[in-house]
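Undergrad: Below is the file final24.pdb, with PDB, C-alpha atoms.
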ATOM      1  CA  MET L   1       1.893 -81.557-176.041
ATOM      2  CA  ARG L   2       4.940 -82.154-173.854
ATOM      3  CA  LEU L   3       4.383 -84.316-170.815
ATOM      4  CA  GLY L   4       6.498 -84.468-167.654
ATOM      5  CA  ILE L   5       6.760 -88.091-166.614
ATOM      6  CA  ALA L   6       8.315 -89.498-163.441
ATOM      7  CA  VAL L   7       8.575 -93.237-163.074
ATOM      8  CA  GLY L   8       9.854 -94.887-159.866
ATOM      9  CA  LEU L   9      11.621 -98.192-160.318
ATOM     10  CA  LEU L  10      12.627-100.315-157.342
ATOM     11  CA  VAL L  11      15.977-101.965-157.937
ATOM     12  CA  LEU L  12      18.187-104.101-155.717
ATOM     13  CA  ALA L  13      15.144-104.869-153.571
ATOM     14  CA  GLY L  14      15.987-107.225-150.782
ATOM     15  CA  CYS L  15      19.659-107.202-151.739
ATOM     16  CA  ALA L  16      21.290-109.625-149.327
ATOM     17  CA  GLY L  17      24.353-107.445-148.945
ATOM     18  CA  LEU L  18      22.262-104.552-147.688
ATOM     19  CA  ASP L  19      19.589-106.257-145.598
ATOM     20  CA  LYS L  20      19.624-105.831-141.830
ATOM     21  CA  PRO L  21      19.023-109.268-140.245
ATOM     22  CA  ALA L  22      16.599-109.854-137.398
ATOM     23  CA  LEU L  23      17.875-110.490-133.886
ATOM     24  CA  GLU L  24      17.735-114.181-133.090
ATOM     25  CA  SER L  25      17.744-114.867-129.337
ATOM     26  CA  TYR L  26      14.816-114.093-127.046
ATOM     27  CA  ASP L  27      17.042-112.078-124.696
ATOM     28  CA  ASP L  28      18.311-109.870-127.552
ATOM     29  CA  ILE L  29      14.800-109.356-128.911
ATOM     30  CA  ARG L  30      13.375-108.546-125.478
ATOM     31  CA  ALA L  31      16.145-106.015-124.843
ATOM     32  CA  ALA L  32      15.365-104.321-128.173
ATOM     33  CA  VAL L  33      11.605-104.000-127.581
ATOM     34  CA  VAL L  34      10.654-100.341-127.231
ATOM     35  CA  VAL L  35       8.089 -99.568-124.510
ATOM     36  CA  THR L  36       6.319 -96.224-124.156
ATOM     37  CA  THR L  37       3.374 -94.911-122.136
ATOM     38  CA  ASP L  38       0.734 -92.540-123.450
ATOM     39  CA  PRO L  39       0.632 -89.703-120.884
ATOM     40  CA  GLU L  40      -3.020 -88.931-121.648
ATOM     41  CA  THR L  41      -4.562 -92.408-121.665
ATOM     42  CA  GLY L  42      -2.036 -94.332-119.592
ATOM     43  CA  ALA L  43      -1.875 -97.009-122.298
ATOM     44  CA  ILE L  44       1.403 -98.928-122.523
ATOM     45  CA  MET L  45       2.719 -99.557-126.038
ATOM     46  CA  ALA L  46       5.478-101.994-127.061
ATOM     47  CA  ASN L  47       6.936-102.969-130.426
ATOM     48  CA  SER L  48       9.700-105.210-131.733
ATOM     49  CA  ALA L  49      10.640-103.054-134.733
ATOM     50  CA  ALA L  50      14.255-102.599-133.626
ATOM     51  CA  ALA L  51      14.700-106.385-133.472
ATOM     52  CA  SER L  52      13.147-107.149-136.855
ATOM     53  CA  LYS L  53      14.678-107.835-140.212
ATOM     54  CA  GLU L  54      14.803-104.897-142.627
ATOM     55  CA  GLU L  55      14.794-105.441-146.370
ATOM     56  CA  ILE L  56      16.691-102.594-147.970
ATOM     57  CA  GLY L  57      16.624-101.731-151.639
ATOM     58  CA  GLN L  58      17.286 -98.725-153.807
ATOM     59  CA  THR L  59      14.694 -96.616-155.579
ATOM     60  CA  MET L  60      15.637 -95.099-158.913
ATOM     61  CA  HIS L  61      13.554 -92.361-160.508
ATOM     62  CA  LEU L  62      13.623 -91.983-164.276
ATOM     63  CA  ASP L  63      12.628 -88.483-165.387
ATOM     64  CA  ARG L  64      11.990 -87.399-168.941
ATOM     65  CA  SER L  65       9.854 -84.690-170.560
ATOM     66  CA  SER L  66       8.895 -85.454-174.132
ATOM     67  CA  ASP L  67       6.056 -86.471-176.398
ATOM     68  CA  GLN L  68       6.965 -90.141-175.815
ATOM     69  CA  PHE L  69       8.554 -91.878-172.874
ATOM     70  CA  ASP L  70      11.443 -94.152-173.797
ATOM     71  CA  LEU L  71      13.045 -96.057-170.909
ATOM     72  CA  SER L  72      16.158 -96.756-172.962
ATOM     73  CA  ASN L  73      16.725 -93.034-173.492
ATOM     74  CA  ALA L  74      15.566 -91.713-170.121
ATOM     75  CA  SER L  75      17.880 -89.913-167.753
ATOM     76  CA  ALA L  76      18.222 -91.739-164.437
ATOM     77  CA  GLN L  77      18.496 -90.159-161.026
ATOM     78  CA  THR L  78      18.901 -92.392-157.968
ATOM     79  CA  SER L  79      16.992 -90.954-155.045
ATOM     80  CA  GLY L  80      17.968 -93.268-152.216
ATOM     81  CA  ARG L  81      17.262 -96.427-150.284
ATOM     82  CA  SER L  82      13.896 -97.963-149.576
ATOM     83  CA  LEU L  83      13.131 -99.930-146.441
ATOM     84  CA  GLU L  84      10.519-102.557-145.646
ATOM     85  CA  THR L  85      10.033-104.380-142.361
ATOM     86  CA  ALA L  86       7.397-106.246-140.359
ATOM     87  CA  TYR L  87       7.179-106.500-136.582
ATOM     88  CA  VAL L  88       4.930-107.120-133.574
ATOM     89  CA  GLU L  89       3.159-104.239-131.859
ATOM     90  CA  GLY L  90       1.037-104.338-128.716
ATOM     91  CA  VAL L  91      -1.024-101.917-126.629
ATOM     92  CA  ARG L  92      -2.218-102.485-123.080
ATOM     93  CA  ALA L  93      -4.977-100.105-122.036
ATOM     94  CA  ARG L  94      -5.292 -98.761-118.512
ATOM     95  CA  SER L  95      -8.238-101.147-118.133
ATOM     96  CA  GLY L  96      -5.913-104.078-118.810
ATOM     97  CA  ASP L  97      -7.258-104.882-122.286
ATOM     98  CA  VAL L  98      -4.464-105.923-124.665
ATOM     99  CA  HIS L  99      -4.486-105.360-128.431
ATOM    100  CA  LEU L 100      -1.867-107.001-130.644
ATOM    101  CA  TYR L 101      -0.898-106.368-134.251
ATOM    102  CA  ILE L 102       1.561-107.454-136.904
ATOM    103  CA  VAL L 103       2.732-104.260-138.593
ATOM    104  CA  SER L 104       4.086-103.800-142.121
ATOM    105  CA  LEU L 105       6.153-100.631-142.518
ATOM    106  CA  GLU L 106       7.529 -99.304-145.814
ATOM    107  CA  ARG L 107       9.661 -96.212-146.372
ATOM    108  CA  ASN L 108      10.287 -95.281-149.988
ATOM    109  CA  PRO L 109      12.181 -92.226-151.249
ATOM    110  CA  VAL L 110      10.136 -90.391-153.870
ATOM    111  CA  ALA L 111      10.511 -87.327-156.005
ATOM    112  CA  PRO L 112       8.731 -84.212-154.648
ATOM    113  CA  THR L 113       6.475 -84.318-157.718
ATOM    114  CA  GLU L 114       5.101 -87.650-156.485
ATOM    115  CA  THR L 115       3.739 -86.190-153.244
ATOM    116  CA  SER L 116       0.719 -84.656-154.958
ATOM    117  CA  GLU L 117      -1.287 -87.595-153.626
ATOM    118  CA  ARG L 118      -2.832 -86.366-150.402
ATOM    119  CA  PRO L 119      -2.006 -88.242-147.197
ATOM    120  CA  TRP L 120      -4.818 -90.574-146.288
ATOM    121  CA  THR L 121      -6.113 -92.984-143.727
ATOM    122  CA  VAL L 122      -8.623 -95.492-145.059
ATOM    123  CA  THR L 123      -9.970 -98.908-144.252
ATOM    124  CA  ASP L 124     -11.431-101.629-146.444
ATOM    125  CA  PRO L 125     -13.756-104.027-144.569
ATOM    126  CA  ASP L 126     -13.128-106.720-147.197
ATOM    127  CA  ARG L 127      -9.350-106.527-146.950
ATOM    128  CA  HIS L 128      -7.655-109.267-144.995
ATOM    129  CA  GLY L 129      -4.439-111.165-144.508
ATOM    130  CA  PHE L 130      -3.294-114.570-143.291
ATOM    131  CA  ILE L 131      -1.086-115.666-140.440
ATOM    132  CA  GLY L 132       0.257-118.875-138.914
ATOM    133  CA  ASP L 133       0.432-122.529-139.903
ATOM    134  CA  PRO L 134      -2.211-123.596-140.730
ATOM    135  CA  TRP L 135      -3.233-120.216-142.114
ATOM    136  CA  ARG L 136      -5.670-118.120-140.088
ATOM    137  CA  ARG L 137      -7.566-115.322-141.849
ATOM    138  CA  THR L 138      -7.131-111.961-140.118
ATOM    139  CA  ALA L 139      -8.695-108.519-140.385
ATOM    140  CA  MET L 140      -6.664-105.446-141.330
ATOM    141  CA  GLN L 141      -6.820-102.172-139.436
ATOM    142  CA  LEU L 142      -6.534 -98.741-141.022
ATOM    143  CA  GLY L 143      -3.913 -98.305-143.691
ATOM    144  CA  GLU L 144      -1.856 -95.141-143.344
ATOM    145  CA  LEU L 145       0.050 -93.163-145.962
ATOM    146  CA  SER L 146       2.009 -89.958-145.386
ATOM    147  CA  PHE L 147       4.941 -88.007-146.797
ATOM    148  CA  ASP L 148       7.979 -86.554-145.049
ATOM    149  CA  CYS L 149       9.942 -83.951-147.034
ATOM    150  CA  SER L 150      13.046 -81.924-146.296
ATOM    151  CA  SER L 151      12.530 -78.217-145.675
ATOM    152  CA  GLN L 152      13.692 -77.418-149.216
ATOM    153  CA  ARG L 153      11.608 -80.324-150.607
ATOM    154  CA  GLU L 154      14.692 -81.682-152.342
ATOM    155  CA  THR L 155      14.019 -85.160-150.952
ATOM    156  CA  CYS L 156      10.821 -86.812-149.762
ATOM    157  CA  THR L 157       9.936 -90.142-148.160
ATOM    158  CA  ARG L 158       6.625 -91.953-148.578
ATOM    159  CA  LEU L 159       5.682 -93.771-145.369
ATOM    160  CA  SER L 160       3.035 -96.507-145.537
ATOM    161  CA  ILE L 161       1.845 -98.649-142.626
ATOM    162  CA  ASP L 162      -0.519-101.630-142.498
ATOM    163  CA  ARG L 163      -1.656-103.326-139.294
ATOM    164  CA  MET L 164      -2.951-106.873-139.097
ATOM    165  CA  ILE L 165      -5.274-107.330-136.125
ATOM    166  CA  LEU L 166      -4.621-110.402-133.975
ATOM    167  CA  THR L 167      -7.521-111.781-131.967
ATOM    168  CA  GLY L 168      -6.989-113.536-128.667
ATOM    169  CA  GLU L 169      -7.570-116.869-130.415
ATOM    170  CA  ASP L 170      -4.985-115.962-133.054
ATOM    171  CA  VAL L 171      -2.371-115.268-130.389
ATOM    172  CA  LYS L 172      -3.133-118.458-128.474
ATOM    173  CA  ALA L 173      -2.867-120.521-131.681
ATOM    174  CA  LEU L 174       0.460-118.914-132.597
ATOM    175  CA  LEU L 175       1.911-119.533-129.139
ATOM    176  CA  ALA L 176       0.686-123.162-129.139
ATOM    177  CA  SER L 177       2.203-123.872-132.565
ATOM    178  CA  PRO L 178       5.422-125.942-132.615
ATOM    179  CA  ARG L 179       6.859-123.532-135.192
ATOM    180  CA  GLU L 180       9.544-121.095-134.062
ATOM    181  CA  ASP L 181       8.512-118.543-136.682
ATOM    182  CA  ILE L 182       5.200-116.975-137.697
ATOM    183  CA  PRO L 183       4.349-116.935-141.428
ATOM    184  CA  VAL L 184       2.601-113.680-142.359
ATOM    185  CA  ASN L 185       0.814-112.491-145.479
ATOM    186  CA  PHE L 186      -0.710-109.003-145.658
ATOM    187  CA  ASP L 187      -2.858-109.780-148.720
ATOM    188  CA  SER L 188      -5.325-112.451-149.690
ATOM    189  CA  TRP L 189      -2.747-114.857-151.136
ATOM    190  CA  ARG L 190      -1.696-117.662-148.825
ATOM    191  CA  THR L 191       2.049-117.383-149.304
ATOM    192  CA  ALA L 192       4.413-115.967-146.690
ATOM    193  CA  ASP L 193       5.501-112.349-147.217
ATOM    194  CA  TRP L 194       7.376-112.463-143.916
ATOM    195  CA  ARG L 195       8.397-114.946-141.249
ATOM    196  CA  ILE L 196       8.489-113.276-137.846
ATOM    197  CA  ASP L 197      10.296-114.927-134.945
ATOM    198  CA  LYS L 198       7.782-116.191-132.383
ATOM    199  CA  ASP L 199      10.082-114.781-129.691
ATOM    200  CA  ALA L 200       9.176-111.290-130.970
ATOM    201  CA  LEU L 201       5.538-111.955-130.054
ATOM    202  CA  LEU L 202       6.560-113.370-126.670
ATOM    203  CA  ALA L 203       8.870-110.422-125.985
ATOM    204  CA  VAL L 204       6.123-107.879-126.699
ATOM    205  CA  LEU L 205       3.670-109.781-124.504
ATOM    206  CA  ASP L 206       6.232-109.884-121.704
ATOM    207  CA  ALA L 207       6.934-106.163-122.101
ATOM    208  CA  LEU L 208       3.217-105.559-121.591
ATOM    209  CA  GLY L 209       2.994-108.072-118.709
ATOM    210  CA  ALA L 210       0.364-109.949-120.686
ATOM    211  CA  ARG L 211       1.791-113.366-121.613
ATOM    212  CA  GLU L 212      -0.215-115.341-119.042
ATOM    213  CA  GLY L 213      -3.490-114.061-120.493
ATOM    214  CA  PHE L 214      -2.812-115.834-123.793
ATOM    215  CA  GLN L 215      -1.530-119.206-122.587
TER     216      GLN L 215
END
Please re-express this file's structure in structure tokens.
TA:
Amino acid sequence: MRLGIAVGLLVLAGCAGLDKPALESYDDIRAAVVVTTDPETGAIMANSAAASKEEIGQTMHLDRSSDQFDLSNASAQTSGRSLETAYVEGVRARSGDVHLYIVSLERNPVAPTETSERPWTVTDPDRHGFIGDPWRRTAMQLGELSFDCSSQRETCTRLSIDRMILTGEDVKALLASPREDIPVNFDSWRTADWRIDKDALLAVLDALGAREGFQ
């Protein structure tokens, strides 16, 4: 029986020549923070995505239809660049309540055949991450996965988002830390996946008019 096999390999991940660096000064980060208002709820939302570092790689899809799959003999088709970033996001409700998150965003080009997995939104109560120095265990909000395809479905992008929930005590501890960066891990291993500039957290708080509530 002949099998159609598509394997996605990530190559050149985090290639220094392609990465977009994070903005460094508070003024630059604050100017890059995007602020929007929900017209229905009146909630104010701010995020530092435009100021954050982006790790850019290239995804290569190897496609072969045969009884056996042989990487050395597979035809290769490069489908495009992947992107991964992490940033601060905040929401201030009309009531004044403020919710803060560290967001992990990944965009990966995929073959249309790989979009058979249905978009989902799911949460795992046992899933957690770590943040700060010393490490603080944090809860994770809903994970989101979706696909965006061109009208002819010649190219598709898989979009995945994870949000780490910061409590008020988390934020106060991060602001009180002498560190200028914030180590972040979105899994259960206590090693830093990302180091986010503390000024990104301050800039989002200032955009929401909420810094005083956490100091």
Undergrad: Quick one: apply the PyMOL selection byres ((chain L and resi 97-103) around 9) to the file and drop the selected residues here as an mmCIF file with C-alpha atoms, in the coordinates of the input.
TA:
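Writing done, so here's out-v1.cif:
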data_model
loop_
_atom_site.group_PDB
_atom_site.id
_atom_site.type_symbol
_atom_site.label_atom_id
_atom_site.label_comp_id
_atom_site.auth_asym_id
_atom_site.auth_seq_id
_atom_site.Cartn_x
_atom_site.Cartn_y
_atom_site.Cartn_z
ATOM 1 C CA ALA L 49 10.640 -103.054 -134.733
ATOM 2 C CA THR L 85 10.033 -104.380 -142.361
ATOM 3 C CA ALA L 86 7.397 -106.246 -140.359
ATOM 4 C CA TYR L 87 7.179 -106.500 -136.582
ATOM 5 C CA VAL L 88 4.930 -107.120 -133.574
ATOM 6 C CA GLU L 89 3.159 -104.239 -131.859
ATOM 7 C CA GLY L 90 1.037 -104.338 -128.716
ATOM 8 C CA VAL L 91 -1.024 -101.917 -126.629
ATOM 9 C CA ARG L 92 -2.218 -102.485 -123.080
ATOM 10 C CA ALA L 93 -4.977 -100.105 -122.036
ATOM 11 C CA ARG L 94 -5.292 -98.761 -118.512
ATOM 12 C CA SER L 95 -8.238 -101.147 -118.133
ATOM 13 C CA GLY L 96 -5.913 -104.078 -118.810
ATOM 14 C CA SER L 104 4.086 -103.800 -142.121
ATOM 15 C CA LEU L 105 6.153 -100.631 -142.518
ATOM 16 C CA GLN L 141 -6.820 -102.172 -139.436
ATOM 17 C CA ILE L 161 1.845 -98.649 -142.626
ATOM 18 C CA ASP L 162 -0.519 -101.630 -142.498
ATOM 19 C CA ARG L 163 -1.656 -103.326 -139.294
ATOM 20 C CA MET L 164 -2.951 -106.873 -139.097
ATOM 21 C CA ILE L 165 -5.274 -107.330 -136.125
ATOM 22 C CA LEU L 166 -4.621 -110.402 -133.975
ATOM 23 C CA THR L 167 -7.521 -111.781 -131.967
ATOM 24 C CA GLY L 168 -6.989 -113.536 -128.667
ATOM 25 C CA VAL L 171 -2.371 -115.268 -130.389
ATOM 26 C CA VAL L 184 2.601 -113.680 -142.359
ATOM 27 C CA LEU L 201 5.538 -111.955 -130.054
ATOM 28 C CA VAL L 204 6.123 -107.879 -126.699
ATOM 29 C CA LEU L 205 3.670 -109.781 -124.504
ATOM 30 C CA LEU L 208 3.217 -105.559 -121.591
ATOM 31 C CA ALA L 210 0.364 -109.949 -120.686
#
Undergrad: In Å, with one decimal, what is the gap from CA of Ala176 in chain L to CA of Ala207 in chain L?
TA: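 Atom-to-atom, CA of Ala176 in chain L to CA of Ala207 in chain L, that is 19.4 Å.
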Undergrad: Within 7 Å of Glu55 in chain L, counting only C-alpha atoms, which residues show up once you throw out same-chain ones fewer than 4 positions away? Write them as a ChimeraX atom specification, please.
TA: /L:14,19-20,83-85
Undergrad: Where does the PyMOL selection byres ((chain L and resi 50) around 12) land in this file, that is, which residues does it pick, as a ChimeraX atom specification?
TA: /L:20-23,28-35,46-49,51-54,85-89,200,204
Undergrad: Write out as a PDB file with C-alpha atoms, in the coordinates of the input the residues lying within 9 Å of Ser188 in chain L, counting only C-alpha atoms and excluding same-chain residues fewer than 6 positions away.
TA:
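File written: out.pdb
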ATOM      1  CA  ARG L 127      -9.350-106.527-146.950  1.00  0.00           C
ATOM      2  CA  HIS L 128      -7.655-109.267-144.995  1.00  0.00           C
ATOM      3  CA  GLY L 129      -4.439-111.165-144.508  1.00  0.00           C
ATOM      4  CA  PHE L 130      -3.294-114.570-143.291  1.00  0.00           C
ATOM      5  CA  ARG L 137      -7.566-115.322-141.849  1.00  0.00           C
TER       6      ARG L 137
END
Undergrad: Using only C-alpha atoms, which residue out of L:Arg158, L:Pro183, L:Phe147, L:Pro112 lies closest to Trp135 in chain L?
TA: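 Residue with the minimum atom-to-atom distance to Trp135 in chain L: L:Pro183.
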Undergrad: Using the chain letters and numbers from the file, give me the residues hit by the PyMOL selection byres ((chain L and resi 109) around 8), as a list in words.
TA: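 Listing what the PyMOL selection byres ((chain L and resi 109) around 8) selects in the shown file: Thr59, Ser79, Gly80, Arg81, Ser82, Arg107, Asn108, Val110, Ala111, Thr155, Cys156, Thr157 and Arg158 of chain L.
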Undergrad: Name the residues, using the chain letters and numbers of the file, that sit within 7 Å of (4.2, -121.8, -136.9) when counting only C-alpha atoms, and give them as a list in words.
TA: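 Protein, DNA and RNA residues close to (4.2, -121.8, -136.9): Gly132, Asp133, Leu174, Ser177, Pro178, Arg179, Glu180, Asp181, Ile182 and Pro183 of chain L.
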Undergrad: Please produce an output containing C-alpha atoms for each residue in the selection, written as a compact mmCIF listing (two decimals), in the coordinates of the input.
TA:
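Full text of again.txt as output:
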# COMPACT_ATOMS: atom_id res chain seq x y z
CA GLY L 132 0.26 -118.88 -138.91
CA ASP L 133 0.43 -122.53 -139.90
CA LEU L 174 0.46 -118.91 -132.60
CA SER L 177 2.20 -123.87 -132.56
CA PRO L 178 5.42 -125.94 -132.62
CA ARG L 179 6.86 -123.53 -135.19
CA GLU L 180 9.54 -121.10 -134.06
CA ASP L 181 8.51 -118.54 -136.68
CA ILE L 182 5.20 -116.98 -137.70
CA PRO L 183 4.35 -116.94 -141.43
Undergrad: Could you tell me which of L:Cys149, L:Leu202, L:Ile56, L:Ala43 comes closest to Asp27 in chain L if we count all atoms listed in the file?
TA: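 Comparing L:Cys149, L:Leu202, L:Ile56, L:Ala43 against Asp27 in chain L, the winner is L:Leu202.
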Undergrad: Closest to Gly213 in chain L among L:Leu145, L:Ile44, L:Ala139, L:Leu175, using only C-alpha atoms?
TA: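 Of L:Leu145, L:Ile44, L:Ala139, L:Leu175, the one nearest Gly213 in chain L is L:Leu175, counting only C-alpha atoms.
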Undergrad: L:Glu106, L:Gly42, L:Pro134, L:Asp199: which is nearest Gly57 in chain L, counting only C-alpha atoms?
TA: L:Glu106
Undergrad: Given only C-alpha atoms as the basis, pick out the residue of L:Ala173, L:Glu144, L:Ile131, L:Glu24 nearest to Ala192 in chain L.
TA: L:Ile131
